[in-house]
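For reference, coords37.csv is printed below; it contains CSV, C-alpha atoms.
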chain,number,residue,atom,x,y,z
A,17,GLN,CA,30.6,22.6,64.4
A,18,VAL,CA,28.5,20.4,62.1
A,19,GLN,CA,29.3,20.0,58.5
A,20,LEU,CA,26.6,19.1,56.0
A,21,VAL,CA,27.2,17.6,52.5
A,22,GLU,CA,24.2,17.5,50.1
A,23,SER,CA,23.8,15.6,46.9
A,24,GLY,CA,21.1,14.5,44.5
A,25,GLY,CA,19.7,17.6,42.9
A,26,GLY,CA,19.4,18.1,39.2
A,27,LEU,CA,17.0,18.5,36.3
A,28,MET,CA,13.8,16.4,36.0
A,29,GLN,CA,10.7,16.5,34.0
A,30,ALA,CA,7.4,17.1,35.7
A,31,GLY,CA,6.0,13.9,37.2
A,32,GLY,CA,9.5,12.5,37.7
A,33,SER,CA,11.4,11.7,40.9
A,34,LEU,CA,14.6,12.8,42.6
A,35,ARG,CA,16.2,11.9,45.9
A,36,LEU,CA,18.3,14.3,47.9
A,37,SER,CA,20.8,13.2,50.5
A,38,CYS,CA,22.4,15.2,53.3
A,39,ALA,CA,25.2,13.7,55.5
A,40,ALA,CA,26.1,15.4,58.7
A,41,SER,CA,29.4,15.1,60.4
A,42,GLY,CA,31.3,16.8,63.3
A,43,SER,CA,29.8,17.6,66.7
A,44,ILE,CA,26.5,15.7,66.2
A,45,SER,CA,24.2,15.9,69.2
A,46,SER,CA,21.8,13.1,69.9
A,47,ARG,CA,18.9,15.5,70.2
A,48,ASN,CA,18.5,17.2,66.9
A,49,VAL,CA,16.3,18.0,63.9
A,50,MET,CA,17.4,17.6,60.3
A,51,GLY,CA,15.5,18.7,57.3
A,52,TRP,CA,15.2,20.7,54.1
A,53,TYR,CA,14.2,24.2,53.3
A,54,ARG,CA,13.9,25.5,49.8
A,55,GLN,CA,14.4,28.9,48.2
A,56,ALA,CA,13.0,29.8,44.8
A,57,PRO,CA,13.8,33.1,43.1
A,58,GLY,CA,11.7,35.9,44.4
A,59,LYS,CA,10.1,33.8,47.1
A,60,GLN,CA,10.6,33.4,50.8
A,61,ARG,CA,12.6,30.4,52.1
A,62,GLU,CA,10.1,27.7,53.1
A,63,LEU,CA,10.3,24.6,55.2
A,64,VAL,CA,9.9,21.5,53.0
A,65,ALA,CA,10.2,18.7,55.6
A,66,ASN,CA,12.1,17.8,58.7
A,67,ILE,CA,12.6,14.8,60.9
A,68,VAL,CA,13.4,14.8,64.6
A,69,ASP,CA,15.9,12.3,66.1
A,70,THR,CA,12.8,10.5,67.5
A,71,GLY,CA,11.5,9.9,64.0
A,72,SER,CA,8.7,12.5,64.0
A,73,THR,CA,8.3,14.2,60.7
A,74,THR,CA,6.8,17.5,59.5
A,75,TYR,CA,5.9,18.4,55.9
A,76,ALA,CA,4.8,21.5,54.1
A,77,ASP,CA,1.3,21.2,52.8
A,78,SER,CA,2.5,21.7,49.3
A,79,VAL,CA,4.6,18.5,49.4
A,80,LYS,CA,2.5,16.2,51.5
A,81,GLY,CA,1.8,12.9,49.8
A,82,ARG,CA,4.6,13.5,47.3
A,83,PHE,CA,7.8,13.9,49.3
A,84,THR,CA,9.1,11.6,52.0
A,85,ILE,CA,11.9,12.4,54.5
A,86,SER,CA,13.8,9.6,56.2
A,87,ARG,CA,17.0,9.0,58.2
A,88,ALA,CA,19.7,6.4,57.7
A,89,ASN,CA,20.2,3.9,60.5
A,90,ASN,CA,23.1,5.9,61.9
A,91,LYS,CA,20.7,8.9,61.9
A,92,ASN,CA,23.4,11.3,60.6
A,93,THR,CA,22.1,11.2,57.0
A,94,VAL,CA,18.7,12.3,55.9
A,95,TYR,CA,17.0,11.6,52.6
A,96,LEU,CA,14.3,13.5,50.8
A,97,GLN,CA,12.5,11.3,48.3
A,98,MET,CA,10.6,13.6,45.9
A,99,ASN,CA,8.0,12.0,43.7
A,100,SER,CA,5.4,13.5,41.3
A,101,LEU,CA,7.6,16.6,40.9
A,102,LYS,CA,6.0,19.8,39.7
A,103,PRO,CA,7.6,22.9,38.1
A,104,GLU,CA,6.7,24.8,41.3
A,105,ASP,CA,9.1,22.5,43.2
A,106,THR,CA,12.0,24.2,41.3
A,107,ALA,CA,14.3,25.8,43.9
A,108,VAL,CA,17.6,25.5,45.7
A,109,TYR,CA,17.1,22.9,48.5
A,110,LEU,CA,19.0,23.6,51.6
A,111,CYS,CA,19.7,20.9,54.2
A,112,TYR,CA,19.9,21.9,57.8
A,113,PHE,CA,20.9,20.4,61.2
A,114,LYS,CA,19.5,21.9,64.3
A,115,ARG,CA,21.2,21.0,67.6
A,116,MET,CA,18.7,20.8,70.4
A,117,GLY,CA,19.4,21.2,74.1
A,118,VAL,CA,20.1,23.9,76.6
A,119,THR,CA,21.1,26.0,73.7
A,120,THR,CA,20.3,25.5,70.0
A,121,SER,CA,22.4,25.9,67.0
A,122,THR,CA,21.5,25.6,63.3
A,123,TYR,CA,23.9,24.6,60.6
A,124,TRP,CA,23.3,24.7,56.8
A,125,GLY,CA,24.4,22.9,53.8
A,126,GLN,CA,25.6,24.6,50.6
A,127,GLY,CA,22.3,24.0,48.8
A,128,THR,CA,21.5,21.8,45.8
A,129,GLN,CA,19.5,23.0,42.8
A,130,VAL,CA,16.4,21.1,41.8
A,131,THR,CA,14.8,22.1,38.5
A,132,VAL,CA,11.6,20.6,37.3
A,133,SER,CA,10.6,21.3,33.6
A,134,SER,CA,7.0,21.2,32.4

Serialized structure, structure tokens:
Amino acid sequence: QVQLVESGGGLMQAGGSLRLSCAASGSISSRNVMGWYRQAPGKQRELVANIVDTGSTTYADSVKGRFTISRANNKNTVYLQMNSLKPEDTAVYLCYFKRMGVTTSTYWGQGTQVTVSS
């Protein structure tokens, strides 16, 4: 099992910045992907960004150039730096950890609310 603890959400005005953190603990595999999805009311869950244990990153087109995902040196904590926030970024942000290997397992955090006012 992998436990994920998220922090850093909140209310921000458009154009502002927030940083989300997600710390993983438990049965951490060396090969993994960590990242963030978001879920807005009435919309499908979408991938925001992820980072592989190798350091490779992926971003949704809607956040490229504004959001940056990174890992702490111990690689068990990921950060999502969100700049130039827009009202359409309002959503519950869910951290995930995907164990890679012969079999894969995905674990989810509890979610943190990000609200951007215009």

Legend entry - Expected answer as a list in words: all residues with atoms within 12 Å of (16.5, 10.6, 66.8), all atoms listed in the file: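 Residues lying no farther than 12 Å from the given point: Ile44, Ser45, Ser46, Arg47, Asn48, Val49, Met50, Asn66, Ile67, Val68, Asp69, Thr70, Gly71, Ser72, Thr73, Ser86, Arg87, Ala88, Asn89, Asn90, Lys91, Asn92, Thr93, Val94, Lys114, Arg115 and Met116 of chain A.
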
Inset, instruction - Might you pull out every residue within 10 Å of segment 23-32 of chain A, with all atoms listed in the file counted and same-chain residues fewer than 6 positions away left off, and present them as a list in words? - result: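 Result of the neighbour search: Cys38, Ala39, Tyr95, Leu96, Gln97, Met98, Asn99, Ser100, Leu101, Lys102, Pro103, Glu104, Asp105, Thr106, Ala107, Val108, Tyr109, Cys111, Gln126, Gly127, Thr128, Gln129, Val130, Thr131, Val132, Ser133 and Ser134 of chain A.
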
Legend entry - Residue neighbourhood Leu110 of chain A, 6 Å, all atoms listed in the file, exclusion window fewer than 3 positions, as a list of chain:residue names: A:Trp52, A:Tyr53, A:Arg54, A:Gly125, A:Gly127

Inset, instruction - Could you tell me how far atom CA of Leu36 of chain A lies from atom CA of Val64 of chain A, in Å and to one decimal? - result: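 Computed distance, atom CA of Leu36 of chain A to atom CA of Val64 of chain A, equals 12.2 Å.
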
Inset, instruction - Compare A:Ser33, A:Ser121, A:Ser41, A:Tyr112 by their minimum atom-to-atom distance to Ala65 of chain A, counting all atoms listed in the file, and give me the closest one. - result: A:Tyr112

Inset, instruction - Work out how far atom CA of Gln17 of chain A is from atom CA of Arg61 of chain A, in Å to one decimal. - result: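 Distance between the two atoms: 23.2 Å.
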
Legend entry - Selected residue of minimal separation from Glu22 of chain A among A:Ala40, A:Leu63, A:Ile85, A:Val79, counting all atoms listed in the file: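 The shortest atom-to-atom distance to Glu22 of chain A comes from A:Ala40.
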
Inset, instruction - Provide the atom CA of Leu20 of chain A to atom CA of Ser37 of chain A distance in Å, to one decimal place. - result: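 Computed distance, atom CA of Leu20 of chain A to atom CA of Ser37 of chain A, equals 9.9 Å.
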
Legend entry - Residue among A:Leu34, A:Val18, A:Trp124, A:Gly42 lying closest to Thr84 of chain A, counting all atoms listed in the file: A:Leu34
